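Input: a single structure, listed below in structure tokens.
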Amino acid sequence: MSQPRPSRALVIVNTHFGEGAGALGTRRGAKREAEKLSRRLSCLSYTVKLMHNKTAEEIEDLYQQECHQEHGEYFVSIISSHGEEGVILGCDSEPVKLTRIFQILSSEECPVLRKIPKIFFIQACRGKELDQGVVVECDSGEPEPNCLSNYLSIPPQTVVMFACSPGYVAFLNIFGSMFLQALLKVLEGEERHLALNRLMTRVSWQVAFGSEARGTYEGCKEMPCFITNLLQEVFPFSAPITEEADGV
């Protein structure tokens, strides 16, 4: 009996950007965190492609390449970079529209992924506003963030989770980001067996109530949010753990 094809994961992390006037800062902490997530996905039976410091054009090309691969049950992509509302930046500081990435992977341009859930985790700013946080009383115990954006539409069978709400910054320090650290924690625990929408809610809860910025932005918060048009529950991270690979 043949083994099922492994699911694929594409992890893109930009840490260094072009020099000169208006150059963006180095994203310390992002590289190590992306490597940890890549190893974890590998342990969860994903074939992982980890790419560092790619230009806008190279990022689009990486997603084009996925249209010519053999895929398993899921496709997962983690993007960690500078960004603005509706775009992430290549290491050349040029923008890549998220809608362009989703278009590349749409049924029309990428038939091989037509029936496969496509899951994105995006660690990037979506604006310049700072979330100061508020004290709230909540009976349900779970936040319900608003993720709507005029710059975003997603194709069928797609889920996108953002580190922050539209218009706000996403925080990163030398130890990593609030968002991807929370995701890593969930994937390392038993919560990884949850259906995807519940897993993402756990990540949001962890960031919203378990993290806050330090230093210059002392006390500032972050509120992840996600949008989905899946019509069924999926369990993309419930595979048995395999031995950790030496590299990805």
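In the structure tokens, the first chain shown is A, the next is B, and so on; residue numbers restart at 1 for each chain, and ligands run from 1 in the order shown.
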
Query - Exercise: A:Leu184 partners within 10 Å, only C-alpha atoms, chain neighbours under 2 positions left out, as number ranges by chain - result: A: 33-34, 36-38, 40-41, 179-182, 186-189, 192, 203

Requested in this report: Mind the document's chain letters and residue numbers, and return as a PyMOL selection string the residues of stretch 70-201 of chain A that DSSP labels alpha helix (DSSP H).
Outcome: chain A and resi 98-104+178-188+196-201

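Taking only C-alpha atoms, the non-local environment of A:Val160 within 8 Å (same-chain residues fewer than 3 positions away omitted) comprises Ile119, Phe120, Phe121, Ile122, Phe226, Ile227 and Thr228 of chain A.
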
So which residues touch stretch 54-60 of chain A within 6 Å, counting only C-alpha atoms, skipping near sequence neighbours fewer than 6 positions away, as a PDB file with N, CA and C atoms, in the first residue's frame?
ATOM      1  N   GLY A  90       9.400  42.467   0.014  1.00  0.00           N
ATOM      2  CA  GLY A  90      10.565  41.662  -0.268  1.00  0.00           C
ATOM      3  C   GLY A  90      11.790  42.278   0.382  1.00  0.00           C
ATOM      4  N   CYS A  91      12.906  41.569   0.379  1.00  0.00           N
ATOM      5  CA  CYS A  91      14.122  42.101   0.991  1.00  0.00           C
ATOM      6  C   CYS A  91      14.684  43.276   0.195  1.00  0.00           C
ATOM      7  N   ASP A  92      14.148  43.508  -1.005  1.00  0.00           N
ATOM      8  CA  ASP A  92      14.505  44.695  -1.781  1.00  0.00           C
ATOM      9  C   ASP A  92      13.568  45.863  -1.474  1.00  0.00           C
ATOM     10  N   GLU A  94      10.534  46.118  -1.994  1.00  0.00           N
ATOM     11  CA  GLU A  94       9.448  46.222  -2.955  1.00  0.00           C
ATOM     12  C   GLU A  94       8.237  45.433  -2.457  1.00  0.00           C
ATOM     13  N   VAL A  96       4.803  43.107  -2.320  1.00  0.00           N
ATOM     14  CA  VAL A  96       4.101  41.996  -2.962  1.00  0.00           C
ATOM     15  C   VAL A  96       2.673  42.021  -2.431  1.00  0.00           C
TER      16      VAL A  96
END

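Proximity of A:Pro155, A:Gly72, A:Gly29, A:Gly127 to A:Ser177, computed with only C-alpha atoms, is greatest for A:Gly29.
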
Report task. Show which residues sit within 7 Å of A:His82, as an NGL selection string. Count only C-alpha atoms, and ignore same-chain residues fewer than 6 positions away. Result -> :A and (88-89 or 124-125)

For the selection you just gave me, I'd like the residues written to a file as a PDB file, in the first residue's frame, keeping N, CA and C atoms.
ATOM      1  N   ILE A  88       3.107  42.485   1.691  1.00  0.00           N
ATOM      2  CA  ILE A  88       4.337  42.201   2.442  1.00  0.00           C
ATOM      3  C   ILE A  88       5.495  42.668   1.562  1.00  0.00           C
ATOM      4  N   LEU A  89       6.631  42.936   2.191  1.00  0.00           N
ATOM      5  CA  LEU A  89       7.768  43.503   1.461  1.00  0.00           C
ATOM      6  C   LEU A  89       8.842  42.456   1.225  1.00  0.00           C
ATOM      7  N   ALA A 124       3.598  40.392   9.870  1.00  0.00           N
ATOM      8  CA  ALA A 124       4.005  41.646   9.236  1.00  0.00           C
ATOM      9  C   ALA A 124       3.074  42.750   9.720  1.00  0.00           C
ATOM     10  N   CYS A 125       3.577  43.962   9.742  1.00  0.00           N
ATOM     11  CA  CYS A 125       2.727  45.099  10.101  1.00  0.00           C
ATOM     12  C   CYS A 125       1.656  45.297   9.032  1.00  0.00           C
TER      13      CYS A 125
END

Requested in this report: Could you give me, as a ChimeraX atom specification, each residue of stretch 16-50 of chain A that DSSP assigns to strand (DSSP E or B) when run on this structure's backbone?
Outcome: /A:47-50

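Considering only C-alpha atoms, the residue among A:Leu130, A:Lys31, A:Val11, A:Ala239 positioned nearest to A:Phe175 is A:Lys31.
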